[in-house]
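Enquirer: Supplied in structure tokens, the structure appears directly below.
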Amino acid sequence: MVHRPRRLRRTAALRDLVRETSLGPQDFILPLFVNEKISARRAIGSMPGVEQLAPNDVAGEAVRAAEAGLQAVILFGIPAEKDEQASGAYGEKGVVQQAVRTIKQECPELLVITDVCLCEYMSHGHCGVTRIDGDHFHVLNDESVELLVKTAVSHAAAGADFVAPSDMMDGRVGAIRDALDVAGYDQTAIMSYAAKFASAFYGPFREAAESPPQFGDRRSYQMDPGNAEEALREVALDVEEGADIILVKPALPYLDILRRVRERFGLTTAVYHVSGEYAMVKAAAERGWLDERQAVLEIMTGLKRAGANLIVTYWARELAEWTRR
Ligand SMILES: [Zn+2]
């Protein structure tokens, strides 16, 4: 026999030597949920181990993340008040704006990415401005983009390193890029949720971010899970409009998209391993059906192998520890 591939699998050192894909703390981005309405941490039932933070806890959490070896966090805000103009999203003293300032004070090196969307701030829970005609509702694109732009600029003014529009309105990346440049934030980068699918796996997040739509669903703006060519067109638009990093969401059911996006565009590509994907593994691990650490490392390796340069995950802190050399 000439070929014995098992020769290179014989010992841990050999396997280590020839491994094509390895993980490190710099691969992961930790989501943080900041809730203006609470004064102490609150557990999220469907996401064991993930908590909503009170505004006072944010800086400490950011320091912990940095000490664990993470380079970046992504912030989601839950405002005290919601309305039909999402005014909490772009207020100078909004929950995310304040959180960015505190993190940058305590931990200036840690990269702060802010989620830019309106759903947490809208009383109806949609990602944009809505109009209701009888039985139908519409999410108005250009009106929504105006508010998203205000939100992004206010995050940049607070010191965010990246703004991350997650709404899937048309033209928002270009509009945000223009407005940031005009306001003097030409160094604030954009990580765009370029291909975000209407997914069943967002369920637990809606509890975490208190953002379930009060009527209808998000299929008129998020993408249809059957469409890969359309995902590539969406990504192309965001790249053309000035996105610095592109993100695919969710992760495991969309590995083909991730691979094609990375290959076609060659830009830094991120993937969001979402709440439902997290909850599935957690639930199985709690029952003793899976080894959590091994399963998570395998999933993350798979995402990176498929083309992800960066992975947003609720296990980021644990992963930083597990993958430190
Ligand atoms: Zn949204």
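Letters for chains follow the order of the structure tokens (A, B, ...), residue numbers begin at 1 for each chain, and ligand numbers begin at 1 in the order shown.
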For Glu61 (chain A), please output as a PyMOL selection string all residues within 9 Å (counting only C-alpha atoms; exclusion window: fewer than 6 positions along the same chain).

Expert: chain A and resi 32+53+103

Enquirer: Would you put the residues from that selection into a file with N, CA, C and O atoms, as a compact mmCIF listing (two decimals), in the first residue's frame?

Expert:
```
# COMPACT_ATOMS: atom_id res chain seq x y z
N LEU A 32 -23.64 41.16 23.58
CA LEU A 32 -24.07 41.60 24.92
C LEU A 32 -25.42 42.29 24.79
O LEU A 32 -25.61 43.13 23.91
N LEU A 53 -27.95 42.37 30.62
CA LEU A 53 -27.14 43.12 31.58
C LEU A 53 -27.84 44.42 31.93
O LEU A 53 -28.48 45.04 31.07
N ILE A 103 -18.10 51.43 27.96
CA ILE A 103 -17.10 50.42 27.58
C ILE A 103 -15.81 51.10 27.13
O ILE A 103 -14.71 50.71 27.53
```

Enquirer: Sorted by chain and rising residue number, which residues of region 25-137 of chain A lie within 12 Å of region 253-270 of chain A, and what are their closest atom pairs and distances in Å to one decimal, counting only C-alpha atoms, as JSON lines?

Expert:
```
{"residue": "A:Asp27", "atom": "CA", "partner": "A:Ala270", "partner_atom": "CA", "distance": 9.4}
{"residue": "A:Phe28", "atom": "CA", "partner": "A:Ala270", "partner_atom": "CA", "distance": 9.5}
{"residue": "A:Ile29", "atom": "CA", "partner": "A:Ala270", "partner_atom": "CA", "distance": 9.5}
```

Enquirer: So which residues are near ligand 1, meaning at most 8 Å away with only C-alpha atoms and all ligand atoms counted, given back as a list in words?

Expert: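 Based on only C-alpha atoms and all ligand atoms, ligand 1 is surrounded within 8 Å by Val116, Cys117, Leu118, Cys119, Glu120, Gly125, His126, Cys127, Gly128, Ser166, Asp167 and Ser211 of chain A.
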
Enquirer: Using DSSP on the backbone coordinates, identify all residues within region 270-322 of chain A classified as alpha helix (DSSP H); present the result as a PyMOL selection string.

Expert: chain A and resi 275-286+292-305+316-322

Enquirer: What is the CA of Trp315 (chain A) to CA of Leu30 (chain A) distance in Å?

Expert: 7.5 Å

Enquirer: Excluding same-chain residues fewer than 3 positions from region 280-293 of chain A, what lies within 8 Å of it counting only C-alpha atoms, as a PDB file with C-alpha atoms, in the first residue's frame?

Expert:
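Dumped to around_25.pdb:
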```pdb
ATOM      1  CA  MET A  47     -30.533  30.702  26.365  1.00  0.00           C
ATOM      2  CA  PRO A  48     -28.974  29.140  29.468  1.00  0.00           C
ATOM      3  CA  GLY A 276     -31.682  28.833  18.315  1.00  0.00           C
ATOM      4  CA  GLU A 277     -28.512  27.108  17.208  1.00  0.00           C
ATOM      5  CA  VAL A 296     -19.180  23.627  20.151  1.00  0.00           C
ATOM      6  CA  LEU A 297     -15.564  23.309  19.043  1.00  0.00           C
TER       7      LEU A 297
END
```
